[in-house]
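K.L.:
Pasting protein.txt here (compact mmCIF, C-alpha atoms and all ligand atoms):
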# COMPACT_ATOMS: atom_id res chain seq x y z
CA MET A 1 2.28 -0.78 -19.21
CA LYS A 2 3.78 -4.08 -20.38
CA ILE A 3 1.83 -6.06 -23.00
CA SER A 4 2.53 -9.79 -23.29
CA SER A 5 1.32 -11.96 -26.14
CA SER A 6 -1.90 -12.87 -24.35
CA LYS A 7 -2.67 -10.34 -21.63
CA ILE A 8 -2.01 -6.87 -20.28
CA ASP A 9 0.03 -6.55 -17.09
CA LEU A 10 -1.95 -4.49 -14.56
CA SER A 11 0.66 -4.91 -11.80
CA ASN A 12 3.20 -2.39 -13.13
CA GLY A 13 5.79 -5.10 -13.74
CA TRP A 14 5.40 -7.00 -10.45
CA GLU A 15 3.68 -10.12 -11.80
CA SER A 16 6.71 -11.02 -13.91
CA ILE A 17 9.10 -10.77 -10.93
CA ALA A 18 6.69 -12.13 -8.31
CA ASP A 19 8.53 -15.43 -7.66
CA SER A 20 11.84 -13.69 -7.09
CA PHE A 21 10.14 -11.04 -4.89
CA ILE A 22 8.60 -13.77 -2.69
CA GLU A 23 12.02 -15.39 -2.31
CA ASN A 24 14.07 -12.25 -1.69
CA ARG A 25 11.90 -9.62 0.04
CA ASN A 26 13.61 -8.22 3.14
CA THR A 27 11.04 -8.99 5.84
CA ASP A 28 12.53 -6.73 8.54
CA ILE A 29 12.50 -3.27 6.95
CA GLY A 30 9.51 -1.18 7.97
CA VAL A 31 8.04 -3.67 10.42
CA SER A 32 8.62 -1.57 13.55
CA THR A 33 7.29 1.55 11.76
CA VAL A 34 4.00 -0.16 10.85
CA GLU A 35 3.83 -1.75 14.31
CA GLU A 36 4.21 1.64 16.06
CA TRP A 37 1.60 3.20 13.72
CA SER A 38 -0.85 0.37 14.43
CA LYS A 39 -0.74 1.03 18.18
CA SER A 40 -3.19 3.91 17.68
CA PHE A 41 -5.97 1.43 16.75
CA LYS A 42 -8.36 -0.55 18.89
CA LEU A 43 -7.96 -4.31 18.49
CA ASP A 44 -11.22 -4.66 16.55
CA ALA A 45 -10.01 -2.17 13.91
CA SER A 46 -10.26 -2.99 10.21
CA ILE A 47 -7.15 -2.30 8.13
CA LEU A 48 -6.83 -2.48 4.34
CA ASP A 49 -3.39 -3.17 2.80
CA ILE A 50 -3.36 -1.87 -0.80
CA GLY A 51 -0.57 -3.24 -2.96
CA CYS A 52 -0.21 -5.89 -0.25
CA GLY A 53 2.14 -8.15 -2.21
CA PHE A 54 2.23 -11.64 -0.62
CA GLY A 55 1.37 -10.19 2.80
CA VAL A 56 4.81 -10.43 4.38
CA PRO A 57 5.63 -8.63 6.59
CA HIS A 58 2.87 -6.00 6.96
CA SER A 59 -0.48 -7.80 6.57
CA GLN A 60 1.04 -10.65 8.56
CA LEU A 61 2.02 -8.35 11.42
CA LEU A 62 -1.39 -6.63 11.48
CA ALA A 63 -3.35 -9.90 11.29
CA ASN A 64 -1.20 -11.47 14.03
CA THR A 65 -1.90 -8.42 16.23
CA GLY A 66 -5.60 -9.22 15.91
CA PHE A 67 -6.82 -6.58 13.47
CA LYS A 68 -9.34 -7.44 10.75
CA VAL A 69 -7.07 -7.24 7.71
CA TYR A 70 -7.99 -7.03 4.01
CA GLY A 71 -5.54 -7.10 1.11
CA ILE A 72 -5.59 -5.98 -2.53
CA ASP A 73 -2.87 -6.52 -5.09
CA ALA A 74 -2.77 -6.56 -8.89
CA SER A 75 -0.39 -9.54 -9.14
CA GLN A 76 -2.19 -12.91 -9.23
CA THR A 77 0.96 -14.78 -8.22
CA LEU A 78 1.45 -12.57 -5.14
CA ILE A 79 -2.22 -12.85 -4.15
CA ASN A 80 -2.10 -16.65 -4.55
CA GLU A 81 0.89 -16.75 -2.18
CA PHE A 82 -0.87 -14.36 0.23
CA GLN A 83 -3.95 -16.61 0.31
CA ARG A 84 -1.78 -19.73 0.78
CA ARG A 85 0.01 -18.18 3.78
CA PHE A 86 -2.93 -16.32 5.36
CA PRO A 87 -6.16 -18.13 4.44
CA GLN A 88 -8.01 -16.32 7.24
CA VAL A 89 -7.39 -12.90 5.61
CA LEU A 90 -9.59 -11.65 2.76
CA ALA A 91 -7.32 -10.85 -0.19
CA LYS A 92 -8.28 -10.06 -3.78
CA CYS A 93 -6.40 -9.70 -7.05
CA GLU A 94 -7.52 -6.27 -8.26
CA THR A 95 -5.93 -2.96 -9.17
CA VAL A 96 -6.31 -0.25 -6.54
CA GLU A 97 -7.65 2.15 -9.13
CA GLU A 98 -10.53 -0.18 -10.10
CA SER A 99 -11.10 -2.01 -6.80
CA SER A 100 -14.32 -1.49 -4.83
CA PHE A 101 -12.25 -1.89 -1.62
CA PHE A 102 -14.59 -4.72 -0.54
CA ASN A 103 -17.42 -2.13 -0.44
CA LYS A 104 -16.29 -1.35 3.10
CA LYS A 105 -14.89 1.52 5.16
CA PHE A 106 -11.73 1.03 7.18
CA ASP A 107 -10.10 2.39 10.31
CA GLY A 108 -6.70 2.22 8.66
CA ILE A 109 -5.29 1.85 5.16
CA ILE A 110 -1.63 1.17 4.33
CA ALA A 111 0.16 1.42 0.99
CA ILE A 112 3.78 0.31 1.38
CA GLY A 113 5.81 0.56 -1.83
CA LEU A 114 2.74 1.23 -3.97
CA MET A 115 1.93 4.90 -4.56
CA PHE A 116 5.09 5.91 -6.42
CA ILE A 117 4.87 3.05 -8.93
CA LEU A 118 1.54 4.47 -10.18
CA SER A 119 1.15 7.30 -12.70
CA GLU A 120 0.40 10.77 -11.31
CA GLN A 121 -3.22 10.54 -12.47
CA THR A 122 -3.66 7.13 -10.84
CA GLN A 123 -2.03 8.29 -7.59
CA LEU A 124 -4.48 11.19 -7.35
CA LYS A 125 -7.41 8.87 -8.08
CA VAL A 126 -6.23 6.42 -5.41
CA LEU A 127 -5.81 9.21 -2.83
CA THR A 128 -9.46 10.19 -3.38
CA LYS A 129 -10.60 6.57 -3.14
CA VAL A 130 -8.61 6.02 0.05
CA ALA A 131 -10.10 9.16 1.64
CA GLU A 132 -13.63 7.96 0.79
CA ALA A 133 -12.91 4.49 2.18
CA LEU A 134 -11.72 5.70 5.60
CA ASN A 135 -13.92 6.06 8.67
CA THR A 136 -13.75 9.36 10.56
CA ASN A 137 -10.46 9.41 12.51
CA GLY A 138 -9.20 6.73 10.13
CA ARG A 139 -5.49 6.78 9.28
CA PHE A 140 -3.68 6.37 5.97
CA LEU A 141 -0.01 5.33 6.06
CA PHE A 142 1.93 5.25 2.81
CA THR A 143 5.51 5.37 1.60
CA SER A 144 6.88 7.82 -0.93
CA PRO A 145 9.86 10.19 -0.98
CA TYR A 146 9.04 13.62 0.50
CA GLN A 147 10.61 15.38 -2.49
CA ILE A 148 9.28 15.45 -6.07
CA CYS A 149 11.40 12.90 -7.95
CA GLU A 150 11.49 10.15 -10.58
CA TRP A 151 13.65 7.05 -10.73
CA VAL A 152 13.83 3.64 -12.35
CA ASP A 153 12.76 0.78 -10.08
CA ILE A 154 15.70 -1.65 -9.87
CA LEU A 155 13.44 -4.71 -9.71
CA THR A 156 10.94 -3.94 -12.48
CA GLY A 157 12.98 -1.53 -14.61
CA LEU A 158 9.94 0.75 -14.79
CA LYS A 159 9.55 4.43 -13.86
CA SER A 160 8.64 5.38 -10.29
CA GLN A 161 7.60 8.89 -9.29
CA SER A 162 6.89 10.71 -6.07
CA LEU A 163 4.52 13.67 -6.33
CA GLY A 164 6.27 15.12 -3.26
CA LYS A 165 5.01 16.03 0.20
CA ALA A 166 3.31 19.31 -0.81
CA ALA A 167 1.22 17.62 -3.54
CA TYR A 168 0.21 14.73 -1.28
CA VAL A 169 -0.76 17.15 1.51
CA GLU A 170 -2.75 19.31 -0.92
CA ALA A 171 -4.56 16.39 -2.57
CA LEU A 172 -5.47 14.76 0.73
CA SER A 173 -6.44 18.01 2.47
CA ARG A 174 -9.03 18.52 -0.30
CA GLN A 175 -10.50 15.20 0.90
CA GLY A 176 -10.48 16.22 4.58
CA LEU A 177 -7.25 14.49 5.62
CA SER A 178 -4.42 16.08 7.63
CA LEU A 179 -0.80 15.03 7.89
CA VAL A 180 -0.14 13.70 11.40
CA ALA A 181 3.49 12.62 11.12
CA GLU A 182 6.29 11.41 8.87
CA TYR A 183 8.56 8.47 9.65
CA SER A 184 11.72 6.98 8.21
CA ASP A 185 12.56 3.28 8.46
CA GLU A 186 15.78 1.22 8.48
CA GLY A 187 15.85 1.32 4.67
CA GLU A 188 15.42 5.13 4.67
CA ASN A 189 11.93 4.84 3.20
CA ASN A 190 9.76 7.87 3.96
CA TYR A 191 6.26 7.33 5.39
CA PHE A 192 3.36 9.80 5.45
CA ASP A 193 0.74 9.29 8.18
CA PHE A 194 -2.58 11.08 7.47
CA ILE A 195 -5.79 11.23 9.52
CA LYS A 196 -9.34 11.75 8.22
CA LEU A 197 -11.00 14.41 10.36
C1 LIG B 1 7.01 -2.71 -3.91
S1 LIG B 1 5.77 -3.95 -3.99
C2 LIG B 1 5.21 -3.83 -2.31
C3 LIG B 1 4.43 -5.01 -1.85
C4 LIG B 1 4.09 -4.99 -0.36
N1 LIG B 1 3.34 -3.81 0.04
C5 LIG B 1 5.34 -5.12 0.46
O1 LIG B 1 5.66 -4.18 1.22
O2 LIG B 1 5.99 -6.17 0.36
C6 LIG B 1 4.48 -3.16 -4.92
C7 LIG B 1 3.20 -3.98 -5.01
O3 LIG B 1 2.19 -3.22 -5.65
C8 LIG B 1 1.45 -4.07 -6.50
N2 LIG B 1 0.80 -3.25 -7.53
C9 LIG B 1 1.37 -2.61 -8.56
N3 LIG B 1 0.47 -1.90 -9.26
C10 LIG B 1 -0.71 -2.09 -8.64
C11 LIG B 1 -2.03 -1.62 -8.86
N4 LIG B 1 -2.31 -0.79 -9.85
N5 LIG B 1 -3.01 -2.03 -8.03
C12 LIG B 1 -2.73 -2.87 -6.99
N6 LIG B 1 -1.49 -3.34 -6.73
C13 LIG B 1 -0.50 -2.96 -7.52
C14 LIG B 1 2.47 -5.04 -7.04
O4 LIG B 1 1.90 -6.21 -7.55
C15 LIG B 1 3.35 -5.27 -5.80
O5 LIG B 1 2.88 -6.33 -5.02
Starting from the file, give its structure as structure tokens.
P.N.:
Amino acid sequence: MKISSSKIDLSNGWESIADSFIENRNTDIGVSTVEEWSKSFKLDASILDIGCGFGVPHSQLLANTGFKVYGIDASQTLINEFQRRFPQVLAKCETVEESSFFNKKFDGIIAIGLMFILSEQTQLKVLTKVAEALNTNGRFLFTSPYQICEWVDILTGLKSQSLGKAAYVEALSRQGLSLVAEYSDEGENNYFDFIKL
């Protein structure tokens, strides 16, 4: 965790690179994967985007489709930009590990580029919170490599870590979720698609 002179960074390095991320994020990668996934929902479905960034492209796609979208991100700069672009969507600056998730349950939850930047302990906590926040038959889509691995994020310079498919399946099966499918997008990002039974 980075400590500046006046405050602690809760965004795992993203607040300090937020302006450059807004300018340079590739807005094509992963869009068709999330779009295909979202076709399993009715149009009145509620979908929570955790680690939503500034909302482009995923919250934007889901809100434009007509879903009731909610966003949470720990970077104030990214949430400010999200709220500027999508004032009709409820978005809050909070960490996923401390958020109350709007005190709601959701039909779908997505975490694109989030899980592996969290510590192992925080990932496991978030998996439990996500499971509790899903309605029955709700789906959880998140990205992380299928193998156990660690690497340095090229944007933040901080450690990323995947717990690996077996650990994600085990942790979520304890919460009543089953793996439905895995996908790979244009950027070779791996997606896990779980359902709450
Ligand atoms: C790789 S970016 C992905 C952003 C967005 N999902 C996208 O696809 O553009 C990771 C995001 O997670 C956010 N983040 C990092 N740690 C977080 C935490 N503990 N709670 C909530 N958001 C967090 C960062 O601020 C950043 O917006």
K.L.:
Report as a compact mmCIF listing (two decimals) with C-alpha atoms, in the frame of the given file which protein, DNA and RNA residues come within 9 Å of ligand LIG 1 (chain B), using all atoms listed in the file.
P.N.:
# COMPACT_ATOMS: atom_id res chain seq x y z
CA LEU A 10 -1.95 -4.49 -14.56
CA SER A 11 0.66 -4.91 -11.80
CA ASN A 12 3.20 -2.39 -13.13
CA GLY A 13 5.79 -5.10 -13.74
CA TRP A 14 5.40 -7.00 -10.45
CA GLU A 15 3.68 -10.12 -11.80
CA ALA A 18 6.69 -12.13 -8.31
CA PHE A 21 10.14 -11.04 -4.89
CA ILE A 22 8.60 -13.77 -2.69
CA ARG A 25 11.90 -9.62 0.04
CA ASN A 26 13.61 -8.22 3.14
CA THR A 27 11.04 -8.99 5.84
CA ILE A 29 12.50 -3.27 6.95
CA GLY A 30 9.51 -1.18 7.97
CA ASP A 49 -3.39 -3.17 2.80
CA ILE A 50 -3.36 -1.87 -0.80
CA GLY A 51 -0.57 -3.24 -2.96
CA CYS A 52 -0.21 -5.89 -0.25
CA GLY A 53 2.14 -8.15 -2.21
CA PHE A 54 2.23 -11.64 -0.62
CA GLY A 55 1.37 -10.19 2.80
CA VAL A 56 4.81 -10.43 4.38
CA PRO A 57 5.63 -8.63 6.59
CA HIS A 58 2.87 -6.00 6.96
CA SER A 59 -0.48 -7.80 6.57
CA ILE A 72 -5.59 -5.98 -2.53
CA ASP A 73 -2.87 -6.52 -5.09
CA ALA A 74 -2.77 -6.56 -8.89
CA SER A 75 -0.39 -9.54 -9.14
CA GLN A 76 -2.19 -12.91 -9.23
CA THR A 77 0.96 -14.78 -8.22
CA LEU A 78 1.45 -12.57 -5.14
CA ILE A 79 -2.22 -12.85 -4.15
CA CYS A 93 -6.40 -9.70 -7.05
CA GLU A 94 -7.52 -6.27 -8.26
CA THR A 95 -5.93 -2.96 -9.17
CA VAL A 96 -6.31 -0.25 -6.54
CA GLU A 97 -7.65 2.15 -9.13
CA GLU A 98 -10.53 -0.18 -10.10
CA SER A 99 -11.10 -2.01 -6.80
CA ILE A 110 -1.63 1.17 4.33
CA ALA A 111 0.16 1.42 0.99
CA ILE A 112 3.78 0.31 1.38
CA GLY A 113 5.81 0.56 -1.83
CA LEU A 114 2.74 1.23 -3.97
CA MET A 115 1.93 4.90 -4.56
CA ILE A 117 4.87 3.05 -8.93
CA LEU A 118 1.54 4.47 -10.18
CA THR A 122 -3.66 7.13 -10.84
CA LEU A 155 13.44 -4.71 -9.71
K.L.:
Would you mind listing what lies within 10 Å of A:Ala181 as an MDAnalysis selection string, with all atoms listed in the file counted and same-chain residues fewer than 5 positions away left out?
P.N.:
chainID A and resid 37 141 191:195
K.L.:
Just the selected residues (C-alpha atoms), exported as a PDB file, keeping the file's coordinate frame, please.
P.N.:
ATOM      1  CA  TRP A  37       1.600   3.200  13.720  1.00  0.00           C
ATOM      2  CA  LEU A 141      -0.010   5.330   6.060  1.00  0.00           C
ATOM      3  CA  TYR A 191       6.260   7.330   5.390  1.00  0.00           C
ATOM      4  CA  PHE A 192       3.360   9.800   5.450  1.00  0.00           C
ATOM      5  CA  ASP A 193       0.740   9.290   8.180  1.00  0.00           C
ATOM      6  CA  PHE A 194      -2.580  11.080   7.470  1.00  0.00           C
ATOM      7  CA  ILE A 195      -5.790  11.230   9.520  1.00  0.00           C
TER       8      ILE A 195
END
K.L.:
What does the structure give for the distance between atom CA of A:Leu197 and atom CA of A:Ala91, in Å to one decimal?
P.N.:
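Calculated distance between atom CA of A:Leu197 and atom CA of A:Ala91 is 27.6 Å.
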K.L.:
If I take atom CA of A:Gly138 and atom CA of A:Leu177, how far is one from the other in Å, to one decimal?
P.N.:
9.2 Å
K.L.:
Might you pull out every residue within 6 Å of stretch 41-48 of chain A, with all atoms listed in the file counted and same-chain residues fewer than 6 positions away left off, and present them as a compact mmCIF listing (two decimals) with C-alpha atoms, in the coordinates of the input?
P.N.:
# COMPACT_ATOMS: atom_id res chain seq x y z
CA PHE A 67 -6.82 -6.58 13.47
CA LYS A 68 -9.34 -7.44 10.75
CA VAL A 69 -7.07 -7.24 7.71
CA TYR A 70 -7.99 -7.03 4.01
CA GLY A 71 -5.54 -7.10 1.11
CA PHE A 106 -11.73 1.03 7.18
CA ASP A 107 -10.10 2.39 10.31
CA GLY A 108 -6.70 2.22 8.66
CA ILE A 109 -5.29 1.85 5.16
K.L.:
Take atom CA of A:Gln83 and atom CA of A:Lys129 and report the distance between them in Å, one decimal.
P.N.:
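Rounded to one decimal, the two atoms are 24.4 Å apart.
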K.L.:
As a ChimeraX atom specification, please: the residues near A:Ala171 (cut-off 12 Å, all atoms listed in the file, same-chain neighbours under 6 positions excluded).
P.N.:
/A:120-121,123-131,163-165,177-179,194
K.L.:
Please determine an axis-aligned box that encloses all atoms of stretch 149-156 of chain A listed in the file, with 4 Å added on each side, and express its centre and edge lengths in Å to one decimal as JSON.
P.N.:
{"center_x": 13.3, "center_y": 4.1, "center_z": -10.2, "size_x": 12.8, "size_y": 25.6, "size_z": 12.5}
K.L.:
Have a look at A:Ala63, A:Val34, A:Ile154, A:Leu90 and name the one nearest to A:Glu182; count all atoms listed in the file.
P.N.:
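So, comparing all the options, the nearest one is A:Val34.
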K.L.:
Just checking: using all atoms listed in the file, which residue out of A:Gln161, A:Ser173, A:Asn190, A:Ser40 ends up closest to A:Pro145?
P.N.:
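For A:Pro145, the nearest of the given residues is A:Asn190.
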K.L.:
Between A:Thr65, A:Thr143, A:Arg84, A:Arg174, which residue has the minimum interatomic distance to A:Asn189, considering only C-alpha atoms?
P.N.:
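The shortest atom-to-atom distance to A:Asn189 comes from A:Thr143.
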